[in-house]
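Visitor: I have a structure I would like to understand better, so I am pasting it below and will then ask my questions one at a time.
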Amino acid sequence: MAPAPARAIAVVLLTFVCCGCAMAADKAPIKWLRAHATFYGGADASDTMGGACGYGNLYLAGYGTRTAALSTVLFNDGAACGQCYKIACDRKLADPMWCKPGVSVTVTATNFCPPNNALPSDNGGWCNPPRPHFDMAQPAWEKIGVYKGGIIPVMYQRVPCMKKGGVRFKIDGHDYFNLVTVMNVAAAGSIKSMDVKSSDSNDWMPMSHNWGANWHSLANLTGKMLSFRLTDTDGQTVVFNNIVPGGWKFGQTFASKQQFK
């Protein structure tokens with residue numbers, strides 16, 4: 001058996017090596033995954049406005065033309081709304097005639113690409129389960145593909161969202177039904193939970209996920225000053241104190257100066 005000092009040195013060295021292994025594992029590169037991509041919406045992306053995430057005018061919501069509709073397996077019943085993906089043409093599988101190599105584009109998930117069960121998955125039913133597929137806004141798609149190609153194999157990875165300005169909140173609905181759309185979310189891009197607190201209460205009330213990027217409360221909040229507490233899908237929580245002033249009206253949007261990091 002080794003002397004005590006030697007054993008102690010060995011333990012310290014082993015601990016250092018193991019910590020180094022853990023740090024290396026934490027910094028392991030994100031894997032690229034395979035999918036296919038088509039495009040829609042026209043050269044100006046005007047027909048991509050609205051969508052299954054509920055963002056409405058994508059320019060006003062902070063998303064512009066770098067957007068995509070996701071197939072069922074990626075959309076995940078709206079949980080993916082607001083998430084960002086870096087996409088590049090798959091040089092190993094793509095016809096080089098239709099591929100722009102060495103270029104990638106980052107898009108935000110703003111819509112759902114529904115399945116078309118009347119067509120086979122490899123011939124028109126591009127968004128049929130279990131296919132991962134991106135139906136991209138045309139200006140974004142043309143960054144990586146040639147227009148006449150129509151559909152190209154791609155590589156993709158989820159990446160942190162980079163957004164200008166703070167998180168935005170739009171309130172719709174009516175008394176006792178407050179529907180809040182959460183927009184322009186950086187970092188994870190998508191929200192896991194949302195709470196609301198009114199100016200006449202000290203308690204946070206949980207809101208329910210309604211659809212897309214929309215959350216609702218059935219409390220009587222009309223016209224009251226409101227605060228929101230958001231937790232994104234990476235577990236980061238941000239509190240937006242008094243972001244909605246008293247006397248607000250349904251249909252208004254409120255922009256904060258706070259953002260996820």
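Ordered as shown in the structure tokens, chains take letters A, B, and onward, while each chain numbers its residues from 1 and ligands are numbered from 1 in the order shown.
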Give me, as an MDAnalysis selection string, all polymer residues having an atom no more than 9 Å from range 186-199 of chain A, counting only C-alpha atoms and skipping those fewer than 4 positions away in the same chain.

Guide: chainID A and resid 79:84 108 159:164 166:167 182 203:209 213 215 217 221 224:236 241:242 246 259:261

Visitor: Excluding Ala45 in chain A and any residue of its chain fewer than 4 positions from it, enumerate the residues within 10 Å of it, using only C-alpha atoms, and give them as a list in words.

Guide: Phe39, Tyr40, Gly41, Met49, Leu58, Gly64, Thr65, Arg66, Thr67, Met136, Ala137, Gln138, Pro139 and Ala140 of chain A

Visitor: Please compute the CA of Gln157 in chain A-CA of Arg34 in chain A distance, one decimal, in Å.

Guide: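 Distance reported for this atom pair: 8.9 Å.
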
Visitor: Which parts of range 65-215 of chain A does DSSP call strand (DSSP E) when run on the backbone here, written out as number ranges by chain?

Guide: A: 67-70, 84-89, 104-112, 133-137, 152-159, 168-174, 177-183, 191-198, 205-206, 208-211, 214-215

Visitor: Quick check for you: according to DSSP on this backbone, which residues of range 39-212 of chain A are classed as helix (DSSP H, G or I)? Reply as a PyMOL selection string.

Guide: chain A and resi 46-48+72-78+138-141+147-149

Visitor: Just the residues within 12 Å of Gly78 in chain A, please, counting only C-alpha atoms, with nothing from its chain fewer than 4 positions along; format it as a ChimeraX atom specification.

Guide: /A:51-54,69-74,82-83,109-113,190-192,209-215

Visitor: Output C-alpha atoms for every residue in the selection just made, as an mmCIF file, in the first residue's frame.

Guide:
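Below is the file that was written, part24.cif:
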data_model
loop_
_atom_site.group_PDB
_atom_site.id
_atom_site.type_symbol
_atom_site.label_atom_id
_atom_site.label_comp_id
_atom_site.auth_asym_id
_atom_site.auth_seq_id
_atom_site.Cartn_x
_atom_site.Cartn_y
_atom_site.Cartn_z
ATOM 1 C CA GLY A 51 -49.448 31.568 -37.468
ATOM 2 C CA ALA A 52 -50.078 28.906 -34.852
ATOM 3 C CA CYS A 53 -47.938 30.592 -32.194
ATOM 4 C CA GLY A 54 -50.171 33.647 -32.146
ATOM 5 C CA ALA A 69 -43.221 26.612 -39.363
ATOM 6 C CA LEU A 70 -42.312 23.348 -37.622
ATOM 7 C CA SER A 71 -43.610 19.847 -38.259
ATOM 8 C CA THR A 72 -45.544 17.999 -35.541
ATOM 9 C CA VAL A 73 -42.537 16.307 -33.978
ATOM 10 C CA LEU A 74 -40.693 19.636 -33.583
ATOM 11 C CA GLY A 82 -40.208 31.127 -29.900
ATOM 12 C CA GLN A 83 -37.320 28.652 -29.980
ATOM 13 C CA ALA A 109 -40.359 28.949 -34.611
ATOM 14 C CA THR A 110 -43.530 30.986 -35.191
ATOM 15 C CA ASN A 111 -45.914 28.564 -36.898
ATOM 16 C CA PHE A 112 -47.020 24.941 -37.284
ATOM 17 C CA CYS A 113 -46.602 22.941 -40.480
ATOM 18 C CA SER A 190 -39.906 29.461 -25.159
ATOM 19 C CA ILE A 191 -41.787 29.743 -21.872
ATOM 20 C CA LYS A 192 -42.427 26.897 -19.412
ATOM 21 C CA HIS A 209 -50.925 27.632 -21.240
ATOM 22 C CA ASN A 210 -53.658 28.239 -23.785
ATOM 23 C CA TRP A 211 -52.115 27.725 -27.240
ATOM 24 C CA GLY A 212 -48.916 28.645 -29.011
ATOM 25 C CA ALA A 213 -47.224 31.471 -27.106
ATOM 26 C CA ASN A 214 -50.453 32.421 -25.324
ATOM 27 C CA TRP A 215 -51.207 32.113 -21.610
#

Visitor: I'd like the interatomic distance between CA of Lys148 in chain A and CA of Tyr85 in chain A, to a tenth of an Å.

Guide: 23.3 Å

Visitor: What is the distance between CA of Ala61 in chain A and CA of Phe240 in chain A, in Å to one decimal?

Guide: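 Answer for the CA of Ala61 in chain A to CA of Phe240 in chain A separation: 17.9 Å.
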
Visitor: Compare A:Ala94, A:Leu33, A:Val238, A:Ile171 by their minimum atom-to-atom distance to Gly223 in chain A, counting only C-alpha atoms, and give me the closest one.

Guide: A:Ile171
